[in-house]
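What follows is a single structure, written as structure tokens, with notes after it.
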Amino acid sequence: MKKYRIIDAHCHIYPDKIAQKASESTGHFYGIPTLLDGKVSTLLEHGQEAGIDHFVVQSVATTPKQVSSINQFIARTVAESDGKFTGLGTLHPDSENIKAEVEEIINLGLKGVKLHPDIQQFKIDDYRMLKIYELCEDRLPILMHTGDSRFDFSNPNRMVPILDIYKNLTVIGAHFGGWSVWEEATEKLSSYENFYVDCSSSLYAMTPEKGKELIYAYGVDRVLFGTDYPIWEPATELDLFMRLDLTDGERESILCNNAKKMFDIKLN
């Protein structure tokens, strides 16, 4: 495994005092047992044991009042990580001053924005979101949860008009662009050059052949590796990825180079 440098581009972390509860809540939302506790120390322990070199960490604001405190927590954690972490901020469509919060994300040195339509209760193409897209275009990539057959907040059809309008907005669609609706996502979104995907929380649900097919549909240079910690064990997610019939160069792109370029990561 260590023939590759590895960046985990999709990790959720929480302050220790709420980490277990927050992690279990996410697992309950998806009906998936959460395997780890969401603490920073646990991510480092299990991630480094699996051979991961660097982690892109994030959290989601469920209310507007959480935005600044979460962003400061992420920035503080990055600063204390000895170069192991890159951080993403969060935003909320009901915040009173989204512009100021975007500026805070940039000033804190965070490298993008994490949004979760289903948990934050907004439709991707909701008018409340347009200000966020406008302010992030050409400045901050957005890692967005996409897809859920149970809801209509985050499904691929709602991403299409956003990509059509905001052509310089970089979006990373988590879970191959459409968790539980992978085929629909590929059909609707794979042709957009400003739409990238990560492979988190997906490979467990498909054959290695299907995983390779999705990677080729989007293009190797538009796929990032991610574990969706703390839901999954990093070592298990890496094992699922390594079962895909890819060349060394393709693996290097997905495991490291694409995220390194996307988030301007300097590896130790």
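The chains in the structure tokens are called A, B, ... from first to last as shown; in each chain the residues are counted from 1, and the ligands are counted from 1 in the order shown.
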
Practice item. Pick out the residues sitting within 7 Å of region 51-62 of chain A, and hand them over as a count of residues only; count only C-alpha atoms, and ignore anything fewer than 2 positions along from it in its own chain. Key: 32

Point to revise | DSSP-assigned strand (DSSP E) members of region 21-227 of chain A, reported as a PyMOL selection string | key: chain A and resi 54-58+85-87+89-90+113-115+142-144+171-173+195-198+223-224

For Ser23 (chain A): contacts at 10 Å, only C-alpha atoms, fewer than 4 positions along chain excluded, given as a PDB file with C-alpha atoms, in the first residue's frame:
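Okay, result_30.pdb is ready:
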```
ATOM      1  CA  HIS A  12     -15.916  14.262   9.477  1.00  0.00           C
ATOM      2  CA  ILE A  13     -14.518  15.306  12.856  1.00  0.00           C
ATOM      3  CA  TYR A  14     -16.103  16.689  16.020  1.00  0.00           C
ATOM      4  CA  ILE A  18     -19.849  15.522  21.329  1.00  0.00           C
ATOM      5  CA  ALA A  19     -18.024  13.232  18.894  1.00  0.00           C
ATOM      6  CA  GLY A  27     -25.140   6.589  11.223  1.00  0.00           C
ATOM      7  CA  HIS A  28     -28.725   6.511  12.452  1.00  0.00           C
ATOM      8  CA  PRO A  33     -23.799   1.435  12.077  1.00  0.00           C
ATOM      9  CA  THR A  34     -21.062   4.011  12.631  1.00  0.00           C
ATOM     10  CA  LEU A  35     -17.834   2.109  13.228  1.00  0.00           C
ATOM     11  CA  LEU A  36     -15.703   4.864  14.802  1.00  0.00           C
ATOM     12  CA  ASP A  37     -16.299   7.745  17.194  1.00  0.00           C
ATOM     13  CA  GLY A  38     -15.545  10.914  15.186  1.00  0.00           C
ATOM     14  CA  LYS A  39     -12.683  12.089  17.402  1.00  0.00           C
ATOM     15  CA  TYR A 229     -14.805   8.647   8.530  1.00  0.00           C
ATOM     16  CA  PRO A 230     -16.210   7.915  11.120  1.00  0.00           C
ATOM     17  CA  ILE A 231     -18.844   5.769   9.405  1.00  0.00           C
TER      18      ILE A 231
END
```

Revision key, fill the gap. Val197 (chain A) proximity check over A:Leu110, A:Met159, A:Leu240, A:Leu143, using only C-alpha atoms: winner is A:Leu143

**Study point:** Between CA of His145 (chain A) and CA of Ile172 (chain A), distance in Å (one decimal)
**Key:**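 CA of Ile172 (chain A) lies 8.5 Å from CA of His145 (chain A).
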
Check your understanding: Could you pull the residues within 7 Å of Val220 (chain A), counting only C-alpha atoms, minus those fewer than 6 positions along the same chain, as a list in words?
Key -> Glu250, Ser253 and Ile254 of chain A

Hey, can you spit out that residue selection with N, CA and C atoms as a PDB file, in the first residue's frame?
```pdb
ATOM      1  N   GLU A 250      -3.447   5.562 -12.397  1.00  0.00           N
ATOM      2  CA  GLU A 250      -4.835   5.901 -12.060  1.00  0.00           C
ATOM      3  C   GLU A 250      -5.029   5.922 -10.550  1.00  0.00           C
ATOM      4  N   SER A 253      -3.512   9.072  -9.055  1.00  0.00           N
ATOM      5  CA  SER A 253      -4.358  10.250  -9.271  1.00  0.00           C
ATOM      6  C   SER A 253      -5.485  10.312  -8.249  1.00  0.00           C
ATOM      7  N   ILE A 254      -6.175   9.198  -8.070  1.00  0.00           N
ATOM      8  CA  ILE A 254      -7.355   9.181  -7.206  1.00  0.00           C
ATOM      9  C   ILE A 254      -6.971   9.208  -5.731  1.00  0.00           C
TER      10      ILE A 254
END
```

Review point. Please, what distance in Å, to one decimal, runs between CA of Ala174 (chain A) and CA of Asp221 (chain A)?
Key: 15.2 Å

Practice item. Check the DSSP output for the backbone and give back, as a PyMOL selection string, the residues of region 33-190 of chain A in helix (DSSP H, G or I). Key: chain A and resi 40-49+64-79+98-107+117-120+127-136+156-165+182-189

Review point. Between A:Val223, A:Ile106, A:Cys256, A:Leu203, which has the minimum distance to Arg243 (chain A) (counting only C-alpha atoms)?
Key: A:Leu203

Point to revise | Minimum-distance residue to Asn97 (chain A), chosen among A:Lys210, A:Phe151, A:Lys131, A:Phe225 (using only C-alpha atoms) | key: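 Answer, going by the shortest atom-to-atom distance: A:Lys131.
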
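A straight line drawn from CA of Pro161 (chain A) to CA of Ile124 (chain A) is 9.3 Å long.
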
Review point. Using only C-alpha atoms, which residues sit within 12 Å of region 177-194 of chain A once same-chain residues fewer than 6 positions away are excluded, as a ChimeraX atom specification?
Key: /A:30,118,137-138,141-171,200-206,210-211,213-224,262

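With only C-alpha atoms as the atoms that count, the residue of A:Gln72, A:Thr247, A:Asn268, A:Ser25 with the shortest distance to Gly109 (chain A) is A:Gln72.
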